[in-house]
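Read through the structure below, which is laid out as structure tokens, and then see the notes.
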Amino acid sequence: MEKDKLKSIWKTIPVQPKSDIELTKMLKEQNHPVLNAIKKQAFFELFAFASFLVCYYTMFDGAKKSSLANLALVFAISINMLHHFKGYRLQQIFRASENVLEDLKRFAVKLKSYQLETLIAKIVFIAGMGIFFTNGIQLTANKWWAIGLIVIIFTMQLIFLNSVWVNRIRKIKTTLMEFENA
Amino acid sequence: MSETQFLQLLSQNQGIIGKVCSIYCNHREDYEDLFQEITYQAWKGFASFRGDAKFSTWLYRIALNTAISSFRKRKPNIDFLSEIPDTVTETSTFEEDEKKHLLAAIKQLNEADRAVIALYLEEMSYQEIAAIIGITENNVGVKITRIKNKLHQILTNGKR
């Protein structure tokens with residue numbers, strides 16, 4: 001295939017036209033695929049957190065725990081709820097401003113900071129839960145084993161989560177390098 | 001500018017979004033999601049469009065930016081060019097094959113090269129491409145020569 005012919009072939013590649021109704025629907029936030037997925041997950045978690053906060057005081061002996069333990073729990077849950085909101089905003093904000101290279105650089109920086117915040121939010125969450133549930137109880141050997149197991153599972157989850165973010169950021173950085181190299 | 005004005009411009013230039021989705025997506029579902037995402041991003045940023053550049057140039061920037069930065073699930077490469085019955089005119093099998101081969105060849109390039117070659121194939125000048133991507137005109141020239149050679153190699157040999 002001749003190189004000059006590429007442009008003429010490119011022009012004839014068919015693109016399924018969208019109707020004005022379809023395009024209008026696409027302008028609405030509730031039809032955005034990524035935002036919708038984040039919203040669903042956030043709604044589910046917010047519902048779970050809110051339900052927990054409503055009933056933990058009576059059902060999980062909140063009244064018998066120290067004020068510090070109660071505060072730690074509420075703080076840990078609040079941080080995670082806020083973090084979900086930030087994730088939503090990260091996808092929602094308009095990403096293009098100057099040129100592709102500059103915008104990708106800014107996006108990579110934002111992702112890097114979000115990655116760190118994700119890890120911190122998760123650690124704060126498990127620490128808050130740990131402080132609350134271990135407060136005022138007699139820690140027997142079995143309970144220590146259980147805590148150890150929870151910490152191992154949580155650490156593995158954290159490593160997996162981090163690797164997902166590392167791969168996402170690496171992909172953007174690789175593309176940046178590909179743009180910059182001739 | 002109003003939603004009506006935006007929709008009018010978008011409707012006239014939606015081929016740009018379609019082409020970008022075609023070179024960055026391997027699956028119909030991914031294509032539709034990315035199309036939606038680009039449209040939404042363009043609408044969100046439309047207030048910042050001052051008309052200094054052509055709408056098509058601006059839209060290309062948004063589309064490429066969104067395509068590269070969005071997190072799509074990697075799915076097996078499925079040719080969906082033949083799944084577009086509404087627009088496929090009566091062309092010969094040979095012409096259809098050429099289109100499929102070109103798209104398939106572009107998809108073998110890295111994400112940055114796909115962006116550069118798409119702009120080149122849209123008849124944009126080196127200056128316009130440099131402004132959209134944010135690299136020097138000289139770099140654009142070097143890249144295009146390299147990418148065209150690579151594409152030529154893929155299309156003739158069927159491999160990189």
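Lettering and numbering for the structure tokens are positional, with chains as A, B, ... in the shown order, residues counted from 1 in each chain, and ligands counted from 1 in the shown order.
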*Write out as an MDAnalysis selection string every residue belonging to chain A that has an atom at most 9 Å from any atom of chain B, counting only C-alpha atoms.*
chainID A and resid 1:3 6:20 23:24 26:29 31:34 91:104 107:108 168 171:172 175:182
*asked:* I need the alpha helix (DSSP H) residues of stretch 32-70 of chain A per DSSP on the backbone, written as an NGL selection string.
replied: :A and (33-59 or 67-70)
Taking C-alpha atoms for each residue, export the selection above as a PDB file, in the first residue's frame.
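Full text of part-v8.pdb as output:
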```pdb
ATOM      1  CA  PRO A  33     -19.634   5.251  32.001  1.00  0.00           C
ATOM      2  CA  VAL A  34     -16.707   5.837  34.359  1.00  0.00           C
ATOM      3  CA  LEU A  35     -18.528   8.344  36.558  1.00  0.00           C
ATOM      4  CA  ASN A  36     -21.476   5.985  36.758  1.00  0.00           C
ATOM      5  CA  ALA A  37     -19.280   3.101  37.881  1.00  0.00           C
ATOM      6  CA  ILE A  38     -17.587   5.271  40.534  1.00  0.00           C
ATOM      7  CA  LYS A  39     -20.969   6.628  41.616  1.00  0.00           C
ATOM      8  CA  LYS A  40     -22.447   3.130  42.021  1.00  0.00           C
ATOM      9  CA  GLN A  41     -19.470   1.920  44.071  1.00  0.00           C
ATOM     10  CA  ALA A  42     -19.397   5.104  46.133  1.00  0.00           C
ATOM     11  CA  PHE A  43     -23.150   4.951  46.745  1.00  0.00           C
ATOM     12  CA  PHE A  44     -22.912   1.340  47.877  1.00  0.00           C
ATOM     13  CA  GLU A  45     -20.007   2.079  50.224  1.00  0.00           C
ATOM     14  CA  LEU A  46     -21.567   5.305  51.496  1.00  0.00           C
ATOM     15  CA  PHE A  47     -24.759   3.403  52.247  1.00  0.00           C
ATOM     16  CA  ALA A  48     -22.800   0.717  54.088  1.00  0.00           C
ATOM     17  CA  PHE A  49     -20.733   3.289  56.018  1.00  0.00           C
ATOM     18  CA  ALA A  50     -23.774   5.403  56.874  1.00  0.00           C
ATOM     19  CA  SER A  51     -25.727   2.329  58.048  1.00  0.00           C
ATOM     20  CA  PHE A  52     -22.766   1.285  60.143  1.00  0.00           C
ATOM     21  CA  LEU A  53     -22.414   4.740  61.685  1.00  0.00           C
ATOM     22  CA  VAL A  54     -26.124   4.812  62.528  1.00  0.00           C
ATOM     23  CA  CYS A  55     -26.136   1.506  64.378  1.00  0.00           C
ATOM     24  CA  TYR A  56     -22.549   0.908  65.548  1.00  0.00           C
ATOM     25  CA  TYR A  57     -23.074   2.803  68.812  1.00  0.00           C
ATOM     26  CA  THR A  58     -25.678   0.329  70.031  1.00  0.00           C
ATOM     27  CA  MET A  59     -24.961  -2.805  67.999  1.00  0.00           C
ATOM     28  CA  SER A  67     -14.330   8.491  73.119  1.00  0.00           C
ATOM     29  CA  LEU A  68     -11.000   8.216  71.312  1.00  0.00           C
ATOM     30  CA  ALA A  69     -12.000   4.847  69.806  1.00  0.00           C
ATOM     31  CA  ASN A  70     -15.352   6.264  68.680  1.00  0.00           C
TER      32      ASN A  70
END
```
*Between A:Ser163, A:Thr140, A:Asn80, A:Thr134, which one has atoms that come closest to A:Gln115, using only C-alpha atoms?*
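Smallest separation from A:Gln115 among the options: A:Ser163.
One finds atom CA of A:Asp4 at 22.2 Å from atom CA of B:Thr57.
Take the candidates B:Glu137, B:Ile106, B:Gln127, B:Phe94 and check each one against B:Val20 using only C-alpha atoms; the shortest distance goes to B:Ile106.
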